[in-house]
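Asks: Sharing a structure here in structure tokens format.
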Amino acid sequence: MKNLYLIAILVCGFILTGKAQTVTGKVIGETAPLAGANIKVEGKNASATTAADGSFELKLTEGAYKLQVSYVGYTTILQKVSLAKDQTVNLTLYLSPTSNMQEVVVVSSRKPTKISEIPGTVWVVDGAKIQEQSRAGIPLKQTLAQLIPSLDAGPEGRTNYGQNQRGRDALVMIDGVSLNSTRGVSRQFESIDPFNIERIEVLSGASAVYGGGATGGIINIITKKGQDSQPSFTTQVGVRSGLKEKSDHDVRVAQAISGGSKDWNGRIGMAFQKNNAAYGADGKQIFTDITQTDLQYNQSFDFFGSSEFKLTEYQKLSVNAQYYNSGYRGDKDLFLGANYGGLLSNPALLEMRNGYSSDVDPKTRRANINANYQASDILGGQTLYVQAAARNEQFSFHPFPGQAAIPQRLYSGSSIQNTNYSALKLVLNKDWNRLNLTYGIDADNENFNAQQALFDRTKAFASGGLNNSTIATIARYPNFRVNGLSGFLQAQVKVTDFLSLSGGVRQQRMFVKVGDFVGTAASVPLAYGVGRTATAIAGGENHYDVNLLNGGLVFKINAAQQAWLNFSQGFNLADPAKYYGQGTYTLVGTNYNLGNSINVGSSPLTGIKTEQYEAGYRYRTGIFNAQVAGFYALSDKNVKTNNTFNIEVFDENVRNLGVEGSLSLNLKNGFEAGVNGLYIKTQKQNADGTWSLQDVTVASPSKIAGYLGYNGKVFGIKAQAFHSFDSKGYAAVGNVVVQNELKGFTTVDLLGSVKLFTGSLSFGVQNLLNKNYQTIWSQRSVLLYQALAKPETFYYAGRGRTYNLTYTLNY
């Protein structure tokens with residue numbers, strides 16, 4: 001009888017077990033399932049650990065539970081689940097890397113890599129910091145200079161010309177797609193509203209991992225993505241003003257919707273900003289930048305859509321699309337004096353005045369689309385990354401006076417420059433126990449053309465540059481096409497648990513085709529009726545190869561500290577539009593005969609290579625973080641802008657040497673403090689082998705930035721300061737090279753936020769001390785454009801004390 005009772009109990013137990021409620025699923029990391037992740041039921045003893053494929057199973061009774069999912073190096077999440085009788089629930093849970101040394105970035109090696117494994121200087125600017133600055137009214141260029149140690153002070157107009165990284169060019173990307181072009185128009189930071197930015201990954205120093213243009217480093221802007229949830233919304237409204245005049249106010253409105261399910265997610269973000277007048281600390285309206293265009297009376301619209309589809313457990317596809325339009329909308333501009341008297345002789349006549357009209361308004365218009373496909377565990381356990389991207393952009397410039405083409409006779413014109421870019425990139429990665437291998441192929445195509453609208457000289461002259469009516473359109477630069485094809489291989493070897501070595505090679509081949517071109521020295525007078533024909537500067541084709549190497553080692557002192565040594569090479573191509581198409585013309589009868597010229601046949605372009613040596617150290621605990629690196633970069637060619645605003649390439653060595661670093665403290669009670677900075681010297685080698693300072697129009701000044709603040713649950717406040725040091729160098733004044741100096745400046749900002757019953761209110765005071773200063777770009781433009789106008793024409797003051805309020809609502 002006892003045996004019968006025991007059998008009955010066992011049978012009942014098996015029946016109950018068969019009808020138990022079950023939770024199954026997988027835990028997925030940044031790129032693949034996570035083996036060994038822990039799933040714990042809050043308040044219960046039940047738990048599970050994921051298998052090799054990331055799967056798990058839990059047997060539970062009926063009811064509601066909270067599952068705590070954790071994995072070393074990833075943020076712990078809580079997942080709610082409700083179980084009815086006999087129900088089985090299947091979950092797919094995604095974990096994101098934490099913000100400690102295990103944080104994963106792609107900026108250094110084309111694949112997700114832990115910062116602790118990278119032999120280089122990496123900075124991650126998280127979304128909270130970006131939004132804090134944006135909601136306080138700090139423009140993106142100044143935000144980046146404040147938060148990225150290796151980046152120069154940001155210009156306050158449309159251009160980011162001269163905002164170098166470690167004294168050289170930066171490659172700027174959105175989601176891994178380059179915004180740089182061979183035609184070096186510096187508007188990469190006028191490309192996206194901060195409302196649509198999730199975080200920014202930065203690699204300081206020369207690199208060729210993404211191709212050309214990164215002789216100073218890489219800045220990868222990561223956009224916001226959708227969430228696997230019911231639809232959620234964000235609304236943002238802001239206003240900014242210096243309280244100087246009624247026209248001194250800017251407004252912005254932004255809206256986003258995000259949502260999805262376990263198999264897809266999407267987000268649409270739209271941001272609109274309308275700027276009006278801007279005033280300096282002296283209470284006077286800042287002059288419009290007539291060189292690289294201004295952001296006063298500017299209207300911008302950024303539409304960004306992203307979507308991600310989970311095709312299978314091991315495959316996903318994401319598609320991003322953007323339309324960005326930023327342009328002048330107003331009727332007030334810089335009056336150059338009747339008959340250009342203020343421009344040429346009496347600067348007191350220069351003033352901001354109503355009545356501006358032009359057939360060509362300054363603007364930036366850009367449309368991007370990119371698709372990314374990722375597949376794990378294919379071709380023998382490899383991970384495949386494929387990216388296809390296309391971009392169309394149009395830049396137009398402010399009406400600008402010129403006189404070189406017609407001696408003693410001024411004319412005015414605006415250029416319109418168009419670029420079409422497409423790229424296909426394929427990357428494969430294989431990870432063994434001690435060896436990680438990444439290799440792939442990049443192909444890209446760039447087409448460029450530019451026109452110049454020439455204005456009625458009589459109307460422009462009489463109106464002091466305010467009335468600009470087109471009478472002719474000519475080619476501004478030679479049209480060109482650049483096709484690139486390259487292959488690369490990167491390897492990382494873990495020699496021991498404490499030492500890893502990495503190295504790689506990239507072979508880059510560029511094909512350049514340049515069209516025939518009549519130089520502006522002939523085409524401008526032809527358009528105004530002086531002469532009838534002109535001899536074109538011959539175009540042509542050439543190609544060049546660049547072989548690039550990198551190697552480094554990381555020594556892991558412990559989990560929180562690493563030191564590294566690194567050698568890397570980067571390259572760029574001198575701007576074909578400004579290099580070719582230069583020539584001397586002589587009017588013989590009615591034809592402009594061509595004399596000397598720079599053309600493809602006689603002066604083929606080659607890649608300009610930069611070699612960098614670096615040593616660094618980082619320490620990160622989450623509470624106290626530090627990173628410092630010393631660097632030395634050398635190239636054997638120097639690119640300079642001449643008095644016709646074209647460029648020349650000289651065979652002379654140029655070097656940058658310096659130190660960049662950062663310290664930060666984040667206490668659990670909400671108090672925070674930090675400082676970052678860059679000390680840099682830029683020098684060129686003279687014919688006798690000695691070194692002298694570089695031209696101040698391109699050399700970077702040293703800088704330092706810091707902050708002190710408190711961030712509580714309801715209220716937060718922060719004071720931050722930025723200082724750009726004086727920078728000595730040389731500059732050409734007329735035909736004489738003289739010592740010159742860029743004057744530094746200091747600004748202090750106040751930022752804060754308050755959480756309301758619904759939403760949050762952010763406030764900011766930019767240039768709190770109302771410091772009167774001349775921007776770095778203004779000081780450079782005085783030297784670059786000295787042959788055309790009095791220095792006062794190009795005096796662009798920094799904006800004075802400016803107040804900002806932003807209300808944000810998430811629902």
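Naming scheme: A, B, ... for chains in displayed order of the structure tokens; residues 1 onward per chain; ligands 1 onward as shown.
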Which residues are near region 269-286 of chain A? Cut-off 8 Å, only C-alpha atoms, ignore same chain within fewer than 3 positions. Put them as an MDAnalysis selection string.

Replies: chainID A and resid 193 195:196 242 244 247:257 295:305 352 770:772 796:801

Asks: Hey, can you spit out that residue selection with N, CA and C atoms as an mmCIF file, in the first residue's frame?

Replies:
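Output contents, as saved in again-v5.cif:
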```cif
data_model
loop_
_atom_site.group_PDB
_atom_site.id
_atom_site.type_symbol
_atom_site.label_atom_id
_atom_site.label_comp_id
_atom_site.auth_asym_id
_atom_site.auth_seq_id
_atom_site.Cartn_x
_atom_site.Cartn_y
_atom_site.Cartn_z
ATOM 1 N N ASP A 193 20.715 67.915 -36.017
ATOM 2 C CA ASP A 193 20.308 68.587 -34.789
ATOM 3 C C ASP A 193 20.635 67.693 -33.593
ATOM 4 N N PHE A 195 19.075 67.031 -31.090
ATOM 5 C CA PHE A 195 17.873 66.305 -30.676
ATOM 6 C C PHE A 195 17.892 64.867 -31.188
ATOM 7 N N ASN A 196 18.569 64.625 -32.307
ATOM 8 C CA ASN A 196 18.594 63.294 -32.915
ATOM 9 C C ASN A 196 19.873 62.523 -32.634
ATOM 10 N N GLY A 242 19.594 87.122 -26.100
ATOM 11 C CA GLY A 242 20.545 87.928 -25.340
ATOM 12 C C GLY A 242 19.899 89.149 -24.719
ATOM 13 N N LYS A 244 18.965 91.889 -25.990
ATOM 14 C CA LYS A 244 19.521 93.173 -26.430
ATOM 15 C C LYS A 244 18.479 93.986 -27.206
ATOM 16 N N SER A 247 14.670 91.838 -31.891
ATOM 17 C CA SER A 247 15.053 90.846 -32.898
ATOM 18 C C SER A 247 16.037 89.818 -32.360
ATOM 19 N N ASP A 248 16.492 89.993 -31.134
ATOM 20 C CA ASP A 248 17.491 89.112 -30.534
ATOM 21 C C ASP A 248 16.782 87.937 -29.853
ATOM 22 N N HIS A 249 16.288 87.002 -30.647
ATOM 23 C CA HIS A 249 15.671 85.803 -30.079
ATOM 24 C C HIS A 249 15.679 84.677 -31.120
ATOM 25 N N ASP A 250 15.926 83.476 -30.631
ATOM 26 C CA ASP A 250 15.891 82.270 -31.453
ATOM 27 C C ASP A 250 14.864 81.317 -30.845
ATOM 28 N N VAL A 251 14.195 80.544 -31.680
ATOM 29 C CA VAL A 251 13.210 79.576 -31.191
ATOM 30 C C VAL A 251 13.492 78.213 -31.823
ATOM 31 N N ARG A 252 13.161 77.162 -31.089
ATOM 32 C CA ARG A 252 13.311 75.812 -31.628
ATOM 33 C C ARG A 252 12.179 74.926 -31.128
ATOM 34 N N VAL A 253 11.757 74.003 -31.992
ATOM 35 C CA VAL A 253 10.703 73.039 -31.688
ATOM 36 C C VAL A 253 11.161 71.688 -32.216
ATOM 37 N N ALA A 254 10.950 70.634 -31.429
ATOM 38 C CA ALA A 254 11.340 69.300 -31.862
ATOM 39 C C ALA A 254 10.306 68.286 -31.402
ATOM 40 N N GLN A 255 10.148 67.238 -32.203
ATOM 41 C CA GLN A 255 9.176 66.190 -31.900
ATOM 42 C C GLN A 255 9.726 64.850 -32.365
ATOM 43 N N ALA A 256 9.531 63.817 -31.561
ATOM 44 C CA ALA A 256 9.971 62.473 -31.934
ATOM 45 C C ALA A 256 8.909 61.463 -31.540
ATOM 46 N N ILE A 257 8.817 60.402 -32.318
ATOM 47 C CA ILE A 257 7.984 59.251 -31.999
ATOM 48 C C ILE A 257 8.831 58.007 -32.157
ATOM 49 N N LEU A 295 24.989 82.275 -39.352
ATOM 50 C CA LEU A 295 23.785 81.601 -38.868
ATOM 51 C C LEU A 295 22.760 82.573 -38.286
ATOM 52 N N GLN A 296 22.992 83.879 -38.457
ATOM 53 C CA GLN A 296 21.938 84.827 -38.114
ATOM 54 C C GLN A 296 20.846 84.774 -39.186
ATOM 55 N N TYR A 297 19.608 84.983 -38.763
ATOM 56 C CA TYR A 297 18.458 84.933 -39.679
ATOM 57 C C TYR A 297 18.450 83.606 -40.449
ATOM 58 N N ASN A 298 18.782 82.555 -39.732
ATOM 59 C CA ASN A 298 18.881 81.235 -40.355
ATOM 60 C C ASN A 298 17.748 80.338 -39.863
ATOM 61 N N GLN A 299 17.281 79.494 -40.748
ATOM 62 C CA GLN A 299 16.214 78.555 -40.414
ATOM 63 C C GLN A 299 16.688 77.150 -40.771
ATOM 64 N N SER A 300 16.630 76.229 -39.820
ATOM 65 C CA SER A 300 17.097 74.864 -40.073
ATOM 66 C C SER A 300 16.001 73.868 -39.751
ATOM 67 N N PHE A 301 16.009 72.768 -40.522
ATOM 68 C CA PHE A 301 15.055 71.690 -40.321
ATOM 69 C C PHE A 301 15.792 70.368 -40.484
ATOM 70 N N ASP A 302 15.670 69.499 -39.479
ATOM 71 C CA ASP A 302 16.323 68.196 -39.517
ATOM 72 C C ASP A 302 15.267 67.107 -39.349
ATOM 73 N N PHE A 303 15.148 66.276 -40.357
ATOM 74 C CA PHE A 303 14.241 65.121 -40.308
ATOM 75 C C PHE A 303 15.092 63.867 -40.337
ATOM 76 N N PHE A 304 14.985 63.045 -39.299
ATOM 77 C CA PHE A 304 15.802 61.836 -39.225
ATOM 78 C C PHE A 304 14.908 60.656 -38.868
ATOM 79 N N GLY A 305 14.941 59.640 -39.719
ATOM 80 C CA GLY A 305 14.181 58.424 -39.480
ATOM 81 C C GLY A 305 15.087 57.218 -39.425
ATOM 82 N N MET A 352 25.198 96.705 -39.999
ATOM 83 C CA MET A 352 24.099 95.800 -40.322
ATOM 84 C C MET A 352 22.891 96.645 -40.713
ATOM 85 N N ASN A 770 29.723 87.769 -19.900
ATOM 86 C CA ASN A 770 29.591 88.726 -21.000
ATOM 87 C C ASN A 770 30.956 89.147 -21.548
ATOM 88 N N LYS A 771 31.803 88.159 -21.806
ATOM 89 C CA LYS A 771 33.155 88.401 -22.283
ATOM 90 C C LYS A 771 33.119 88.889 -23.728
ATOM 91 N N ASN A 772 33.835 89.962 -24.010
ATOM 92 C CA ASN A 772 33.938 90.499 -25.368
ATOM 93 C C ASN A 772 35.185 89.911 -26.028
ATOM 94 N N TYR A 796 34.263 89.228 -36.475
ATOM 95 C CA TYR A 796 33.087 88.533 -35.991
ATOM 96 C C TYR A 796 33.258 88.296 -34.497
ATOM 97 N N ALA A 797 32.524 89.066 -33.718
ATOM 98 C CA ALA A 797 32.610 88.940 -32.262
ATOM 99 C C ALA A 797 31.897 87.683 -31.802
ATOM 100 N N GLY A 798 32.339 87.158 -30.661
ATOM 101 C CA GLY A 798 31.603 86.070 -30.035
ATOM 102 C C GLY A 798 30.295 86.598 -29.465
ATOM 103 N N ARG A 799 29.302 85.747 -29.376
ATOM 104 C CA ARG A 799 28.003 86.165 -28.869
ATOM 105 C C ARG A 799 28.115 86.526 -27.389
ATOM 106 N N GLY A 800 27.450 87.604 -26.995
ATOM 107 C CA GLY A 800 27.473 88.047 -25.611
ATOM 108 C C GLY A 800 26.608 87.157 -24.730
ATOM 109 N N ARG A 801 26.354 87.646 -23.504
ATOM 110 C CA ARG A 801 25.558 86.854 -22.563
ATOM 111 C C ARG A 801 24.208 86.514 -23.191
#
```

Asks: Determine which residues of region 158-196 of chain A receive a DSSP assignment of strand (DSSP E), computed from the backbone, and state them as a PyMOL selection string.

Replies: chain A and resi 170-174+177-178

Asks: Skipping near chain neighbours, those fewer than 5 positions away, what residues fall within 10 Å of Ile130 (chain A) using only C-alpha atoms, listed as a PyMOL selection string?

Replies: chain A and resi 125+135+138+140+143-144+147+194-195+197-200

Asks: Once you have the residues from the selection above, write them out as a compact mmCIF listing (two decimals), in the first residue's frame, restricted to C-alpha atoms.

Replies:
```
# COMPACT_ATOMS: atom_id res chain seq x y z
CA VAL A 125 30.30 61.64 -25.20
CA ARG A 135 18.87 72.17 -23.87
CA ILE A 138 24.96 75.66 -26.44
CA LEU A 140 26.83 71.79 -31.39
CA THR A 143 29.47 71.60 -27.31
CA LEU A 144 31.98 69.37 -29.06
CA LEU A 147 33.47 67.89 -24.32
CA PRO A 194 21.47 67.41 -31.32
CA PHE A 195 17.87 66.30 -30.68
CA ILE A 197 21.99 62.37 -31.41
CA GLU A 198 22.32 59.43 -29.02
CA ARG A 199 26.07 59.64 -28.34
CA ILE A 200 29.36 60.51 -30.03
```

Asks: Write out as JSON, numbers by chain which residues come within 8 Å of region 360-366 of chain A when counting only C-alpha atoms, dropping same-chain ones fewer than 4 positions away.

Replies: {"A": [190, 191, 293, 294, 322, 323, 324, 325, 326, 327, 328, 391, 392, 393, 394, 395, 396, 397, 398, 399, 414, 453]}

Asks: Please provide as a list of chain:residue names all residues within 8 Å of Asn164 (chain A), with the sequence filter that same-chain residues fewer than 5 positions apart are discarded (counting only C-alpha atoms).

Replies: A:Leu151, A:Asp152, A:Asp169, A:Ala170, A:Gly216, A:Ser700

Asks: So, counting only C-alpha atoms, which residue among A:Glu57, A:Glu611, A:Asp228, A:Asp431 is closest to Ala491 (chain A)?

Replies: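 Between A:Glu57, A:Glu611, A:Asp228, A:Asp431, the residue approaching Ala491 (chain A) most closely is A:Asp431.
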
Asks: So which bits of region 706-782 of chain A end up alpha helix (DSSP H) when you DSSP the backbone, as number ranges by chain?

Replies: A: 776-782

Asks: Skip Lys640 (chain A) itself and residues of its chain fewer than 2 positions away, then list as a PyMOL selection string all residues within 8 Å of it, counting only C-alpha atoms.

Replies: chain A and resi 638+642+647-650

Asks: When you look at Ser702 (chain A) with a cut-off of 7 Å (counting only C-alpha atoms), what residues show up, excluding the ones that are within fewer than 6 positions of it in the same chain? I need them as an mmCIF file with C-alpha atoms, in the first residue's frame.

Replies:
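New file result_38.cif:
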```
data_model
loop_
_atom_site.group_PDB
_atom_site.id
_atom_site.type_symbol
_atom_site.label_atom_id
_atom_site.label_comp_id
_atom_site.auth_asym_id
_atom_site.auth_seq_id
_atom_site.Cartn_x
_atom_site.Cartn_y
_atom_site.Cartn_z
ATOM 1 C CA LEU A 678 44.965 69.873 -25.167
ATOM 2 C CA TYR A 679 48.512 71.212 -25.321
ATOM 3 C CA ILE A 680 49.780 71.300 -28.901
ATOM 4 C CA SER A 724 41.548 78.920 -25.816
ATOM 5 C CA PHE A 725 45.178 79.980 -25.326
#
```

Asks: Considering only C-alpha atoms, tabulate each residue of region 587-673 of chain A that lies at most 10 Å from region 569-575 of chain A along with its nearest interatomic pair and the corresponding distance in Å to one decimal; arrange the rows by chain and ascending residue number and present them as a Markdown table.

Replies:
```
| residue | atom | partner | partner_atom | distance |
| --- | --- | --- | --- | --- |
| A:Leu605 | CA | A:Ala574 | CA | 7.2 |
| A:Thr606 | CA | A:Leu573 | CA | 6.8 |
| A:Gly607 | CA | A:Leu573 | CA | 5.0 |
| A:Ile608 | CA | A:Phe571 | CA | 5.3 |
| A:Lys609 | CA | A:Phe571 | CA | 4.3 |
| A:Thr610 | CA | A:Gly570 | CA | 5.2 |
| A:Glu611 | CA | A:Gln569 | CA | 4.5 |
| A:Gln612 | CA | A:Gln569 | CA | 6.1 |
| A:Tyr613 | CA | A:Gln569 | CA | 9.0 |
| A:Ala633 | CA | A:Gln569 | CA | 9.1 |
| A:Leu634 | CA | A:Gln569 | CA | 9.5 |
| A:Ser635 | CA | A:Phe571 | CA | 9.1 |
| A:Asn638 | CA | A:Ala574 | CA | 9.8 |
| A:Val639 | CA | A:Ala574 | CA | 7.4 |
| A:Asn646 | CA | A:Asp575 | CA | 9.2 |
| A:Ile647 | CA | A:Asp575 | CA | 7.8 |
| A:Glu648 | CA | A:Ala574 | CA | 8.7 |
| A:Val649 | CA | A:Ala574 | CA | 7.7 |
```

Asks: For the residues in that selection, give me C-alpha atoms as an mmCIF file, in the first residue's frame.

Replies:
```cif
data_model
loop_
_atom_site.group_PDB
_atom_site.id
_atom_site.type_symbol
_atom_site.label_atom_id
_atom_site.label_comp_id
_atom_site.auth_asym_id
_atom_site.auth_seq_id
_atom_site.Cartn_x
_atom_site.Cartn_y
_atom_site.Cartn_z
ATOM 1 C CA LEU A 605 47.910 64.722 -56.963
ATOM 2 C CA THR A 606 49.131 62.091 -54.547
ATOM 3 C CA GLY A 607 47.958 61.083 -51.092
ATOM 4 C CA ILE A 608 49.325 63.139 -48.197
ATOM 5 C CA LYS A 609 50.332 60.658 -45.502
ATOM 6 C CA THR A 610 50.582 61.386 -41.771
ATOM 7 C CA GLU A 611 52.514 59.151 -39.366
ATOM 8 C CA GLN A 612 51.618 59.288 -35.676
ATOM 9 C CA TYR A 613 53.322 57.899 -32.561
ATOM 10 C CA ALA A 633 52.502 63.329 -35.850
ATOM 11 C CA LEU A 634 54.554 63.990 -38.988
ATOM 12 C CA SER A 635 53.727 64.478 -42.673
ATOM 13 C CA ASN A 638 52.183 71.071 -46.432
ATOM 14 C CA VAL A 639 48.936 72.461 -47.881
ATOM 15 C CA ASN A 646 43.129 78.181 -54.078
ATOM 16 C CA ILE A 647 45.579 75.798 -52.469
ATOM 17 C CA GLU A 648 49.174 74.859 -53.077
ATOM 18 C CA VAL A 649 50.998 71.718 -51.951
#
```

Asks: Using only C-alpha atoms, which residue out of A:Ala371, A:Leu751, A:Leu344, A:Ala460 lies closest to Gln786 (chain A)?

Replies: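 Of the candidates, the smallest distance to Gln786 (chain A) is held by A:Leu344.
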
Asks: Kindly give the distance, in Å, that separates CA of Leu756 (chain A) and CA of Lys718 (chain A), rounded to a single decimal.

Replies: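 Rounded to one decimal, the two atoms are 18.5 Å apart.
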
Asks: Between A:Phe448, A:Trp432, A:Phe722, A:Phe400, which one has atoms that come closest to Asn420 (chain A), using only C-alpha atoms?

Replies: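 Among A:Phe448, A:Trp432, A:Phe722, A:Phe400, it is A:Phe448 that comes nearest to Asn420 (chain A).
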
Asks: Mind giving me the straight-line distance from CA of Ile416 (chain A) to CA of Gly342 (chain A) in Å, one decimal?

Replies: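 Separation of CA of Ile416 (chain A) and CA of Gly342 (chain A): 26.3 Å.
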
Asks: Just checking: using only C-alpha atoms, which residue out of A:Phe498, A:Tyr71, A:Tyr585, A:Phe745 ends up closest to Trp564 (chain A)?

Replies: A:Phe498
